[in-house]
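These notes concern the structure reproduced below.
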Amino acid sequence: MGLLARLRKEWFIVGIVLVILSAKLQPSFGVKGGPLKPEVTIAYVAVSLIFFNSGLSLKTEELTSALLHVRLHLFVQSFTLIFFPLAVWLLLQLLALSSIDQWLLRGLQTVSCMPPPVSSAVILTKAVGGNEAAAIFNSAFGSFLGIVVTPMLLLLFLGSSSSVPFTSIFSQLFMTVVVPLILGQVCRSFLRDFLERRKPPFGAVSSAVLLMIIYTTFCDTFSNPNIELDPVSLLLVVLIIFSIQISFMFLTFTMSTRSRSGFSPADTVAIVFCSTHKSLTLGIPMLKIVFEGYEHLSLISVPLLIYHPAQILLGSVLVPTIRNWMTSQQKSSLLIR
């Protein structure tokens with residue numbers, strides 16, 4: 001694959017780098033009160049558009065076949081939204097003694113509170129040949145569940161900005177997340193045939209809007225002269241993120257392949273990816289709402305920006321290995337029968 005083709009395929013990652021550099025060069029354009037007016041265009045219009053797009057693209061009819069696999073759903077959702085945040089919180093009690101930037105550490109905690117993504121976990125599960133229906137259901141259900149649970153976890157572990165009351169946070173979440181999602185699903189019911197025929201680029205639309213949100217977030221940071229990003233802390237956070245992902249993938253794999261687990265090899269694949277992946281598309285807008293007014297918001301966002309490409313990179317590297325394991329397990333079960 002040539003360089004140009006590689007850049008085109010990874011345009012979103014390239015876009016993140018470019019918008020951060022743009023924010024560094026001209027932060028005044030995207031700050032609150034600036035020409036872009038992010039307090040309106042981003043906080044309400046852009047965030048609402050992302051979730052309307054999610055509601056429009058979500059194929060609810062594909063989830064029915066996976067609906068009754070309750071044990072698998074309980075495993076994924078409890079690991080993602082209970083075990084993951086608690087385990088990271090315990091880890092951060094130790095890391096707090098280190099010299100790593102405290103705002104980056106808080107960012108690691110926000111990563112742990114995020115729901116699973118509606119894209120990468122499903123794509124990787126499908127690439128391996130795992131239980132795609134279960135991955136779709138848990139990604140979608142986790143996203144809906146995250147609308148309520150994630151803000152609560154963020155407030156529990158980190159607290160919110162003193163300038164934004166608890167009721168205000170949830171009223172804004174309802175208007176910019178829940179309502180657009182419902183409207184998207186309603187519109188989908190009328191436009192299903194058209195959407196199936198034309199297949200609009202839903203993922204590209206959400207990613208483009210997300211780049212705008214990332215841009216304004218970093219404009220706020222770079223316009224504040226008191227904030228500096230420590231390169232050593234950043235490198236350590238990258239290593240910690242990869243360590244967390246590898247450890248949790250191994251843990252979920254081990255737990256779901258026990259003889260008494262009752263999960264098939266295809267189920268295990270869905271569990272490994274859905275339990276360990278975190279949503280950037282839902283995460284950044286939620287952070288923008290819950291921590292509006294935090295001068296260190298962009299530093300808190302950095303670990304999530306790292307986690308997203310890291311989970312895709314690591315998952316992609318492991319696809320051949322996991323596929324070979326699943327194939328061998330399925331052959332073994334056929335021979336036993």
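Just remember, in the structure tokens the first chain shown is A, the second B, etc., residues are 1-based per chain, and ligands are 1-based in the order shown.
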
* Would you return as an MDAnalysis selection string the members of stretch 52-294 of chain A that DSSP assigns to alpha helix (DSSP H) on this structure's backbone? => chainID A and resid 52:57 70:78 84:95 102:112 120:128 132:158 166:173 179:198 202:222 231:256 265:276 280:290

Please identify every residue of stretch 85-123 of chain A that has at least one atom no farther than 8 Å from an atom of stretch 144-156 of chain A, counting only C-alpha atoms, and for each give the shortest atom pair and the distance in Å to one decimal, arranged by chain then increasing number, as a Markdown table.
```
| residue | atom | partner | partner_atom | distance |
| --- | --- | --- | --- | --- |
| A:Thr110 | CA | A:Leu154 | CA | 6.3 |
| A:Cys113 | CA | A:Thr150 | CA | 5.5 |
| A:Met114 | CA | A:Thr150 | CA | 5.8 |
| A:Pro115 | CA | A:Gly146 | CA | 5.1 |
```

Output of the above residues as a PDB file, in the first residue's frame, restricted to all heavy atoms:
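File produced: selection03.pdb:
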```pdb
ATOM      1  N   THR A 110     -11.242   9.096  32.662  1.00  0.00           N
ATOM      2  CA  THR A 110     -12.382   9.360  31.773  1.00  0.00           C
ATOM      3  C   THR A 110     -12.485   8.291  30.684  1.00  0.00           C
ATOM      4  O   THR A 110     -13.596   7.900  30.308  1.00  0.00           O
ATOM      5  CB  THR A 110     -12.276  10.756  31.099  1.00  0.00           C
ATOM      6  OG1 THR A 110     -11.167  10.779  30.196  1.00  0.00           O
ATOM      7  CG2 THR A 110     -12.102  11.850  32.123  1.00  0.00           C
ATOM      8  N   CYS A 113     -14.406   5.285  31.805  1.00  0.00           N
ATOM      9  CA  CYS A 113     -15.846   5.482  32.015  1.00  0.00           C
ATOM     10  C   CYS A 113     -16.642   5.451  30.711  1.00  0.00           C
ATOM     11  O   CYS A 113     -17.881   5.474  30.755  1.00  0.00           O
ATOM     12  CB  CYS A 113     -16.095   6.822  32.706  1.00  0.00           C
ATOM     13  SG  CYS A 113     -15.357   6.958  34.353  1.00  0.00           S
ATOM     14  N   MET A 114     -15.966   5.416  29.567  1.00  0.00           N
ATOM     15  CA  MET A 114     -16.645   5.500  28.284  1.00  0.00           C
ATOM     16  C   MET A 114     -17.315   4.183  27.890  1.00  0.00           C
ATOM     17  O   MET A 114     -16.842   3.111  28.241  1.00  0.00           O
ATOM     18  CB  MET A 114     -15.654   5.916  27.186  1.00  0.00           C
ATOM     19  CG  MET A 114     -15.097   7.315  27.373  1.00  0.00           C
ATOM     20  SD  MET A 114     -16.423   8.535  27.396  1.00  0.00           S
ATOM     21  CE  MET A 114     -15.618   9.880  28.270  1.00  0.00           C
ATOM     22  N   PRO A 115     -18.410   4.269  27.123  1.00  0.00           N
ATOM     23  CA  PRO A 115     -19.065   3.059  26.609  1.00  0.00           C
ATOM     24  C   PRO A 115     -18.289   2.490  25.436  1.00  0.00           C
ATOM     25  O   PRO A 115     -17.367   3.144  24.914  1.00  0.00           O
ATOM     26  CB  PRO A 115     -20.434   3.586  26.160  1.00  0.00           C
ATOM     27  CG  PRO A 115     -20.177   5.007  25.778  1.00  0.00           C
ATOM     28  CD  PRO A 115     -19.127   5.494  26.742  1.00  0.00           C
TER      29      PRO A 115
END
```

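Taking only C-alpha atoms into account, A:Leu92 lies nearest to A:Ile244 out of the set A:Ile244, A:Val31, A:Val179, A:Ile16.
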